[in-house]
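The data block below is my_file23.cif; it holds mmCIF, C-alpha atoms.
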```cif
data_work
#
loop_
_atom_site.group_PDB
_atom_site.id
_atom_site.type_symbol
_atom_site.label_atom_id
_atom_site.label_comp_id
_atom_site.auth_asym_id
_atom_site.auth_seq_id
_atom_site.Cartn_x
_atom_site.Cartn_y
_atom_site.Cartn_z
ATOM 1 C CA MET W 1 16.875 -86.364 -22.248
ATOM 2 C CA LYS W 2 17.946 -87.344 -25.761
ATOM 3 C CA SER W 3 21.310 -86.133 -27.014
ATOM 4 C CA PHE W 4 21.243 -84.261 -30.312
ATOM 5 C CA TYR W 5 23.137 -81.748 -32.406
ATOM 6 C CA SER W 6 22.077 -79.059 -34.856
ATOM 7 C CA LEU W 7 24.259 -77.314 -37.412
ATOM 8 C CA VAL W 8 24.214 -73.520 -37.613
ATOM 9 C CA LYS W 9 24.184 -72.180 -41.165
ATOM 10 C CA ILE W 10 24.332 -68.828 -42.895
ATOM 11 C CA ALA W 11 22.232 -68.385 -46.038
ATOM 12 C CA PRO W 12 23.673 -65.455 -48.062
ATOM 13 C CA ASN W 13 20.681 -65.553 -50.411
ATOM 14 C CA SER W 14 17.348 -66.472 -48.835
ATOM 15 C CA LEU W 15 15.878 -67.183 -52.281
ATOM 16 C CA SER W 16 18.325 -70.010 -52.990
ATOM 17 C CA ASP W 17 19.278 -73.178 -51.147
ATOM 18 C CA ASP W 18 22.918 -72.130 -50.852
ATOM 19 C CA ASN W 19 24.231 -71.977 -47.300
ATOM 20 C CA LEU W 20 27.455 -72.266 -45.336
ATOM 21 C CA THR W 21 27.829 -74.189 -42.061
ATOM 22 C CA ILE W 22 29.534 -71.957 -39.502
ATOM 23 C CA GLY W 23 28.924 -73.795 -36.235
ATOM 24 C CA ILE W 24 27.405 -76.642 -34.284
ATOM 25 C CA ILE W 25 25.202 -76.858 -31.180
ATOM 26 C CA LEU W 26 25.220 -80.021 -29.068
ATOM 27 C CA SER W 27 22.705 -80.838 -26.330
ATOM 28 C CA ASP W 28 23.009 -83.756 -23.914
ATOM 29 C CA GLU W 29 22.329 -84.514 -20.255
ATOM 30 C CA HIS W 30 25.264 -82.325 -19.189
ATOM 31 C CA GLY W 31 23.936 -79.189 -20.897
ATOM 32 C CA ILE W 32 24.391 -77.387 -24.211
ATOM 33 C CA ARG W 33 27.661 -76.684 -26.003
ATOM 34 C CA CYS W 34 28.402 -74.752 -29.176
ATOM 35 C CA LYS W 35 31.424 -74.057 -31.339
ATOM 36 C CA PHE W 36 31.778 -71.686 -34.295
ATOM 37 C CA SER W 37 34.423 -71.591 -37.000
ATOM 38 C CA LYS W 38 36.254 -68.287 -37.268
ATOM 39 C CA GLU W 39 37.293 -69.066 -40.843
ATOM 40 C CA LYS W 40 33.780 -70.040 -41.961
ATOM 41 C CA LYS W 41 32.377 -66.882 -40.378
ATOM 42 C CA GLN W 42 34.845 -64.751 -42.317
ATOM 43 C CA ILE W 43 33.816 -66.461 -45.543
ATOM 44 C CA SER W 44 30.135 -65.946 -44.784
ATOM 45 C CA LYS W 45 30.765 -62.248 -44.096
ATOM 46 C CA SER W 46 32.145 -61.848 -47.604
ATOM 47 C CA LEU W 47 29.035 -63.440 -49.105
ATOM 48 C CA VAL W 48 26.155 -61.667 -47.370
ATOM 49 C CA SER W 49 24.633 -58.582 -48.947
ATOM 50 C CA VAL W 50 23.745 -56.961 -45.601
ATOM 51 C CA ASP W 51 26.057 -55.483 -42.947
ATOM 52 C CA ASN W 52 28.383 -58.391 -42.184
ATOM 53 C CA SER W 53 28.548 -57.480 -38.479
ATOM 54 C CA ILE W 54 25.215 -59.287 -38.259
ATOM 55 C CA ILE W 55 27.172 -62.583 -38.310
ATOM 56 C CA ASP W 56 28.999 -61.725 -35.077
ATOM 57 C CA PHE W 57 25.772 -60.452 -33.548
ATOM 58 C CA LEU W 58 23.931 -63.693 -34.344
ATOM 59 C CA GLU W 59 26.753 -65.781 -32.848
ATOM 60 C CA SER W 60 26.707 -63.621 -29.715
ATOM 61 C CA GLU W 61 22.938 -64.011 -29.348
ATOM 62 C CA ILE W 62 23.146 -67.792 -29.746
ATOM 63 C CA GLU W 63 25.870 -67.990 -27.091
ATOM 64 C CA LYS W 64 23.775 -65.856 -24.711
ATOM 65 C CA LYS W 65 20.782 -68.163 -25.169
ATOM 66 C CA ILE W 66 22.961 -71.190 -24.490
ATOM 67 C CA ILE W 67 24.346 -69.635 -21.301
ATOM 68 C CA GLU W 68 20.765 -68.946 -20.153
ATOM 69 C CA ALA W 69 19.705 -72.480 -21.038
ATOM 70 C CA ASN W 70 22.610 -73.987 -19.110
ATOM 71 C CA LEU W 71 21.766 -71.903 -16.049
ATOM 72 C CA ASN W 72 18.182 -73.118 -16.269
ATOM 73 C CA PHE W 73 19.488 -76.639 -16.747
ATOM 74 C CA LYS W 74 21.302 -76.403 -13.412
ATOM 75 C CA LYS W 75 18.137 -75.100 -11.756
ATOM 76 C CA SER W 76 16.170 -78.041 -13.094
ATOM 77 C CA ALA W 77 18.634 -80.428 -11.486
ATOM 78 C CA VAL W 78 17.804 -79.175 -8.000
ATOM 79 C CA GLU W 79 14.297 -77.755 -8.346
ATOM 80 C CA LEU W 80 10.873 -79.211 -8.984
ATOM 81 C CA PHE W 81 10.238 -77.843 -12.471
ATOM 82 C CA ASP W 82 12.010 -78.314 -15.794
ATOM 83 C CA PHE W 83 13.275 -74.931 -16.967
ATOM 84 C CA ASN W 84 15.258 -76.209 -19.936
ATOM 85 C CA GLN W 85 12.617 -76.285 -22.651
ATOM 86 C CA ASN W 86 13.655 -73.158 -24.576
ATOM 87 C CA LEU W 87 16.411 -74.978 -26.506
ATOM 88 C CA SER W 88 14.821 -78.410 -26.734
ATOM 89 C CA SER W 89 14.974 -80.734 -29.741
ATOM 90 C CA SER W 90 11.408 -79.777 -30.681
ATOM 91 C CA TYR W 91 12.466 -76.129 -30.747
ATOM 92 C CA PHE W 92 15.324 -76.870 -33.151
ATOM 93 C CA ASP W 93 12.931 -78.922 -35.258
ATOM 94 C CA TYR W 94 10.714 -75.842 -35.420
ATOM 95 C CA LEU W 95 13.664 -73.591 -36.314
ATOM 96 C CA SER W 96 14.766 -75.923 -39.111
ATOM 97 C CA LYS W 97 11.354 -75.621 -40.749
ATOM 98 C CA TYR W 98 10.544 -71.967 -40.267
ATOM 99 C CA SER W 99 13.870 -70.077 -40.259
ATOM 100 C CA ASN W 100 13.675 -68.165 -43.535
ATOM 101 C CA GLY W 101 16.237 -65.429 -42.974
ATOM 102 C CA ILE W 102 20.019 -65.296 -43.052
ATOM 103 C CA LEU W 103 20.371 -67.687 -40.084
ATOM 104 C CA LYS W 104 19.319 -71.317 -40.401
ATOM 105 C CA PHE W 105 19.476 -74.479 -38.302
ATOM 106 C CA THR W 106 19.343 -78.123 -39.318
ATOM 107 C CA LYS W 107 16.862 -80.572 -37.831
ATOM 108 C CA PRO W 108 18.058 -82.081 -34.538
ATOM 109 C CA ASN W 109 20.227 -85.093 -35.268
ATOM 110 C CA TYR W 110 19.976 -87.600 -32.423
ATOM 111 C CA ILE W 111 23.011 -89.481 -31.143
ATOM 112 C CA ALA W 112 23.137 -92.620 -29.029
ATOM 113 C CA SER W 113 25.194 -91.330 -26.114
ATOM 114 C CA ASP W 114 26.690 -88.247 -24.472
ATOM 115 C CA LEU W 115 29.911 -86.885 -25.919
ATOM 116 C CA ASP W 116 32.954 -85.761 -23.990
ATOM 117 C CA ASP W 117 34.879 -82.675 -25.125
ATOM 118 C CA SER W 118 37.212 -84.579 -27.462
ATOM 119 C CA GLN W 119 34.278 -86.359 -29.130
ATOM 120 C CA PHE W 120 32.486 -83.029 -29.498
ATOM 121 C CA ILE W 121 35.556 -81.625 -31.272
ATOM 122 C CA GLU W 122 35.563 -84.618 -33.621
ATOM 123 C CA LEU W 123 31.915 -83.929 -34.432
ATOM 124 C CA TYR W 124 32.791 -80.276 -35.064
ATOM 125 C CA LYS W 125 35.655 -81.288 -37.365
ATOM 126 C CA LEU W 126 33.388 -83.641 -39.278
ATOM 127 C CA PHE W 127 30.534 -81.224 -39.953
ATOM 128 C CA VAL W 128 31.916 -77.697 -39.575
ATOM 129 C CA ASP W 129 35.649 -77.131 -39.986
ATOM 130 C CA SER W 130 38.390 -79.758 -39.942
ATOM 131 C CA THR W 131 41.185 -77.174 -40.251
ATOM 132 C CA ASP W 132 40.121 -75.008 -37.332
ATOM 133 C CA VAL W 133 41.160 -77.544 -34.705
ATOM 134 C CA SER W 134 44.744 -77.755 -35.989
ATOM 135 C CA VAL W 135 44.916 -73.974 -35.756
ATOM 136 C CA GLN W 136 43.715 -74.168 -32.156
ATOM 137 C CA LYS W 137 46.427 -76.712 -31.350
ATOM 138 C CA LYS W 138 49.026 -74.315 -32.732
ATOM 139 C CA ILE W 139 47.582 -71.489 -30.659
ATOM 140 C CA LYS W 140 47.714 -73.642 -27.510
ATOM 141 C CA SER W 141 51.368 -74.385 -28.227
ATOM 142 C CA ILE W 142 52.145 -70.680 -28.620
ATOM 143 C CA ASP W 143 50.224 -69.855 -25.439
ATOM 144 C CA LYS W 144 52.081 -72.537 -23.478
ATOM 145 C CA ILE W 145 55.456 -71.061 -24.430
ATOM 146 C CA PHE W 146 54.129 -67.611 -23.490
ATOM 147 C CA TYR W 147 52.899 -68.692 -20.037
ATOM 148 C CA ASP W 148 55.988 -70.809 -19.358
ATOM 149 C CA LYS W 149 58.200 -67.734 -19.809
ATOM 150 C CA ILE W 150 56.059 -65.713 -17.406
ATOM 151 C CA ASN W 151 56.027 -68.488 -14.838
ATOM 152 C CA THR W 152 59.828 -68.875 -14.974
ATOM 153 C CA ASN W 153 60.795 -65.215 -15.188
ATOM 154 C CA LEU W 154 58.146 -63.736 -12.901
ATOM 155 C CA ILE W 155 55.835 -65.984 -10.885
ATOM 156 C CA GLU W 156 58.444 -68.337 -9.437
ATOM 157 C CA ARG W 157 60.558 -65.370 -8.454
ATOM 158 C CA ILE W 158 57.911 -63.410 -6.515
ATOM 159 C CA LYS W 159 55.395 -66.066 -5.422
ATOM 160 C CA ASN W 160 56.304 -65.647 -1.744
ATOM 161 C CA ARG W 161 56.158 -61.850 -1.818
ATOM 162 C CA VAL W 162 52.863 -60.783 -3.444
ATOM 163 C CA HIS W 163 49.541 -62.224 -4.547
ATOM 164 C CA ILE W 164 49.857 -64.495 -7.584
ATOM 165 C CA HIS W 165 47.089 -65.726 -9.896
ATOM 166 C CA PHE W 166 44.576 -63.706 -7.905
ATOM 167 C CA LYS W 167 40.929 -63.727 -9.015
ATOM 168 C CA PHE W 168 38.922 -60.541 -8.542
ATOM 169 C CA ASP W 169 35.142 -60.848 -8.563
ATOM 170 C CA GLY W 170 32.061 -58.727 -8.006
ATOM 171 C CA ASN W 171 32.459 -58.953 -4.217
ATOM 172 C CA LEU W 172 35.771 -57.122 -4.410
ATOM 173 C CA ILE W 173 35.030 -54.904 -7.414
ATOM 174 C CA PRO W 174 31.296 -54.375 -8.086
ATOM 175 C CA THR W 175 31.735 -53.289 -11.719
ATOM 176 C CA ILE W 176 33.219 -56.607 -12.914
ATOM 177 C CA THR W 177 32.256 -60.276 -12.986
ATOM 178 C CA THR W 178 35.619 -62.028 -12.698
ATOM 179 C CA PHE W 179 39.166 -61.056 -13.593
ATOM 180 C CA ASP W 180 42.430 -62.946 -13.123
ATOM 181 C CA ILE W 181 45.659 -61.052 -12.539
ATOM 182 C CA ASP W 182 49.079 -62.737 -12.590
ATOM 183 C CA CYS W 183 50.478 -60.847 -9.630
ATOM 184 C CA ILE W 184 49.770 -57.799 -7.534
ATOM 185 C CA GLY W 185 51.389 -56.228 -4.472
ATOM 186 C CA LEU W 186 51.371 -52.973 -2.565
ATOM 187 C CA ASN W 187 53.906 -50.778 -0.795
ATOM 188 C CA GLY W 188 53.081 -47.104 -1.035
ATOM 189 C CA ALA W 189 51.777 -47.776 -4.544
ATOM 190 C CA PHE W 190 50.635 -50.830 -6.491
ATOM 191 C CA VAL W 191 52.819 -53.137 -8.540
ATOM 192 C CA GLY W 192 51.000 -55.675 -10.678
ATOM 193 C CA ALA W 193 50.870 -57.508 -14.000
ATOM 194 C CA LYS W 194 48.298 -59.094 -16.246
ATOM 195 C CA SER W 195 49.328 -61.505 -19.006
ATOM 196 C CA LEU W 196 47.253 -61.535 -22.183
ATOM 197 C CA PRO W 197 48.098 -63.733 -25.184
ATOM 198 C CA PHE W 198 47.320 -61.928 -28.440
ATOM 199 C CA THR W 199 46.229 -65.214 -30.033
ATOM 200 C CA GLN W 200 42.670 -64.168 -29.151
ATOM 201 C CA SER W 201 40.327 -61.949 -31.162
ATOM 202 C CA LYS W 202 40.516 -58.172 -30.862
ATOM 203 C CA ASP W 203 37.056 -58.047 -29.230
ATOM 204 C CA ILE W 204 38.118 -60.428 -26.441
ATOM 205 C CA LEU W 205 41.392 -58.548 -25.961
ATOM 206 C CA GLN W 206 39.614 -55.214 -25.691
ATOM 207 C CA LYS W 207 37.185 -56.552 -23.073
ATOM 208 C CA SER W 208 40.052 -57.943 -20.988
ATOM 209 C CA ILE W 209 41.952 -54.657 -21.122
ATOM 210 C CA GLN W 210 38.852 -52.621 -20.275
ATOM 211 C CA THR W 211 38.339 -54.826 -17.220
ATOM 212 C CA TYR W 212 42.017 -54.465 -16.287
ATOM 213 C CA ILE W 213 41.644 -50.686 -16.403
ATOM 214 C CA SER W 214 38.520 -50.916 -14.202
ATOM 215 C CA VAL W 215 40.432 -53.009 -11.662
ATOM 216 C CA ILE W 216 43.350 -50.548 -11.583
ATOM 217 C CA ALA W 217 41.029 -47.562 -11.196
ATOM 218 C CA HIS W 218 38.943 -49.184 -8.460
ATOM 219 C CA LEU W 219 41.909 -50.355 -6.384
ATOM 220 C CA SER W 220 43.619 -46.972 -6.673
ATOM 221 C CA LYS W 221 40.500 -45.148 -5.520
ATOM 222 C CA GLU W 222 39.818 -47.619 -2.711
ATOM 223 C CA LYS W 223 43.365 -47.358 -1.334
ATOM 224 C CA ASN W 224 43.646 -43.633 -2.113
ATOM 225 C CA LYS W 225 46.611 -44.100 -4.458
ATOM 226 C CA ASN W 226 47.648 -41.780 -7.268
ATOM 227 C CA LEU W 227 47.280 -43.574 -10.617
ATOM 228 C CA ALA W 228 50.558 -42.085 -11.817
ATOM 229 C CA ASP W 229 52.461 -43.648 -8.892
ATOM 230 C CA ASN W 230 51.381 -47.207 -9.685
ATOM 231 C CA ASN W 231 53.461 -49.684 -11.675
ATOM 232 C CA PHE W 232 51.073 -51.906 -13.600
ATOM 233 C CA PHE W 233 52.168 -54.008 -16.571
ATOM 234 C CA LEU W 234 50.421 -55.764 -19.435
ATOM 235 C CA ILE W 235 52.481 -58.764 -20.585
ATOM 236 C CA ALA W 236 51.632 -59.457 -24.220
ATOM 237 C CA ASP W 237 53.670 -60.653 -27.189
ATOM 238 C CA SER W 238 53.156 -59.044 -30.566
ATOM 239 C CA PRO W 239 51.059 -61.319 -32.834
ATOM 240 C CA THR W 240 53.148 -62.732 -35.670
ATOM 241 C CA SER W 241 50.517 -64.245 -37.966
ATOM 242 C CA SER W 242 49.705 -62.247 -41.091
ATOM 243 C CA LYS W 243 46.014 -62.991 -40.424
ATOM 244 C CA ASN W 244 46.088 -61.125 -37.109
ATOM 245 C CA THR W 245 46.201 -57.654 -38.668
ATOM 246 C CA ALA W 246 43.539 -56.171 -36.379
ATOM 247 C CA GLU W 247 45.188 -57.655 -33.300
ATOM 248 C CA LEU W 248 48.638 -56.455 -34.405
ATOM 249 C CA LYS W 249 47.362 -52.926 -34.965
ATOM 250 C CA PHE W 250 45.750 -53.000 -31.520
ATOM 251 C CA TRP W 251 48.988 -54.275 -29.915
ATOM 252 C CA ASN W 252 50.952 -51.435 -31.543
ATOM 253 C CA GLN W 253 48.425 -48.884 -30.302
ATOM 254 C CA LEU W 254 48.779 -50.157 -26.746
ATOM 255 C CA TYR W 255 52.574 -50.238 -26.997
ATOM 256 C CA GLN W 256 52.828 -46.676 -28.303
ATOM 257 C CA ASN W 257 50.210 -45.146 -26.001
ATOM 258 C CA GLU W 258 50.962 -46.153 -22.426
ATOM 259 C CA SER W 259 48.420 -44.959 -19.911
ATOM 260 C CA LEU W 260 47.607 -46.905 -16.741
ATOM 261 C CA PHE W 261 49.963 -49.767 -17.559
ATOM 262 C CA LYS W 262 53.159 -50.486 -19.474
ATOM 263 C CA LEU W 263 53.048 -53.124 -22.212
ATOM 264 C CA ILE W 264 56.007 -55.511 -22.230
ATOM 265 C CA PRO W 265 56.662 -58.805 -24.091
ATOM 266 C CA SER W 266 56.938 -62.099 -22.189
ATOM 267 C CA ASP W 267 60.738 -62.090 -22.670
ATOM 268 C CA GLU W 268 60.860 -59.009 -20.444
ATOM 269 C CA SER W 269 58.473 -60.261 -17.733
ATOM 270 C CA GLU W 270 61.331 -60.370 -15.230
ATOM 271 C CA MET W 271 61.069 -56.565 -15.268
ATOM 272 C CA VAL W 272 57.929 -56.928 -13.144
ATOM 273 C CA ALA W 273 59.766 -59.157 -10.653
ATOM 274 C CA GLU W 274 62.569 -56.595 -10.407
ATOM 275 C CA MET W 275 60.028 -53.824 -9.763
ATOM 276 C CA ILE W 276 58.294 -55.865 -7.024
ATOM 277 C CA GLU W 277 61.643 -56.513 -5.353
ATOM 278 C CA LYS W 278 62.761 -52.902 -5.700
ATOM 279 C CA LYS W 279 59.506 -51.540 -4.259
ATOM 280 C CA GLU W 280 59.414 -54.282 -1.590
ATOM 281 C CA ALA W 281 55.768 -54.851 -2.469
ATOM 282 C CA HIS W 282 53.765 -57.255 -0.317
ATOM 283 C CA ARG W 283 50.380 -58.946 -0.104
ATOM 284 C CA PHE W 284 47.467 -56.764 1.006
ATOM 285 C CA LEU W 285 44.276 -58.599 0.027
ATOM 286 C CA GLU W 286 42.370 -60.997 2.250
ATOM 287 C CA THR W 287 42.222 -64.484 0.818
ATOM 288 C CA VAL W 288 39.870 -67.313 1.671
#
```
Show how you would write the structure in this file as structure tokens.
Amino acid sequence: MKSFYSLVKIAPNSLSDDNLTIGIILSDEHGIRCKFSKEKKQISKSLVSVDNSIIDFLESEIEKKIIEANLNFKKSAVELFDFNQNLSSSYFDYLSKYSNGILKFTKPNYIASDLDDSQFIELYKLFVDSTDVSVQKKIKSIDKIFYDKINTNLIERIKNRVHIHFKFDGNLIPTITTFDIDCIGLNGAFVGAKSLPFTQSKDILQKSIQTYISVIAHLSKEKNKNLADNNFFLIADSPTSSKNTAELKFWNQLYQNESLFKLIPSDESEMVAEMIEKKEAHRFLETV
């Protein structure tokens, strides 16, 4: 299987040759990877004459196709037939010639060898967005400080009392796929916390919180607990960047309208540890 990449472009005006590169797709023997630039997408949204939500929709559809292709790729590795033809180089060659709408792809550009993640990022920086990676490094630094506080103030303090870093899946809660919670215990009522860095997009944050609410509701019903008696927390720091206006507004809404959980900043995460100790919460879930 030849390794290749194709650039994803948005053409604001289909009658002209003007276009803006917003992402890259890489295919090699390990599967298919993609990366999109948040900044370039925002620029493209300001240029298109149609509803700019189409940009997010197109990205979502591409990512879904890649997930499907990677699943088929894994099947091909253990089964008799090759399922991974839907995103082949010939298909991208076809797309480059006949895509005449807002979304365009370049011809597959072949490369001599497979790329690891760092090399893929370098390719992304070269052809898509060189500034985006530095932003990601800053975000990782912010997230590390955030998680370090939670680990020091909460996890280390209660790790021998309750479940920590527990992963719920569809076997435990049928309505979800997977969900990680920082800690959870039970003694008469639940005590638990989920950390969520607000360095992510509002859409991702909303999905995480919706899943958190589903987990709380399911556990409470399963154990016959009153929702009002539980003590669940969402640990999230207020976003500070002026660009995160949507995320900041969302954080304020959550802070001002407590429902099934209480929102607290990472500096106050020891509050959860104090509640676990006060309630004498303990482990209650079977672990493998």
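Using all atoms listed in the file, the shortest contact distance between Ile181 of chain W and any of W:Asp114, W:Pro197, W:Ser220, W:Leu234 is found at W:Leu234.
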Counting only C-alpha atoms, the residue of W:Ser118, W:Ser44, W:Ser201, W:Ser195 that sits nearest Asn151 of chain W: W:Ser195
Contact residues around Glu63 of chain W with all atoms listed in the file at 10 Å, ignoring same-chain residues under 2 positions, as a list of chain:residue names: W:Ile25, W:Ile32, W:Arg33, W:Cys34, W:Lys35, W:Phe57, W:Leu58, W:Glu59, W:Ser60, W:Glu61, W:Lys65, W:Ile66, W:Ile67, W:Glu68, W:Ala69
Residue nearest Ile22 of chain W among W:Asn72, W:Thr106, W:Asn100, W:Gln253 (counting all atoms listed in the file): W:Thr106
Contact residues around Leu285 of chain W with all atoms listed in the file at 10 Å, ignoring same-chain residues under 4 positions, as a ChimeraX atom specification: /W:162-163,166,172,184-186
d(atom CA of Glu270 of chain W, atom CA of Trp251 of chain W) in Å: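 One can read the atom CA of Glu270 of chain W to atom CA of Trp251 of chain W distance as 20.1 Å.
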Separation of atom CA of Ser208 of chain W from atom CA of Leu196 of chain W in Å: 8.1 Å
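Picture a line from atom CA of Tyr98 of chain W to atom CA of Ile43 of chain W; it runs 24.5 Å.
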Give the centre and edge lengths of an axis-aligned box, in Å to one decimal, that holds all listed atoms of segment 201-211 of chain W with 3 Å on each side, as lines of an AutoDock Vina configuration file.
```
center_x = 39.5
center_y = -57.3
center_z = -24.2
size_x = 10.9
size_y = 15.3
size_z = 19.9
```
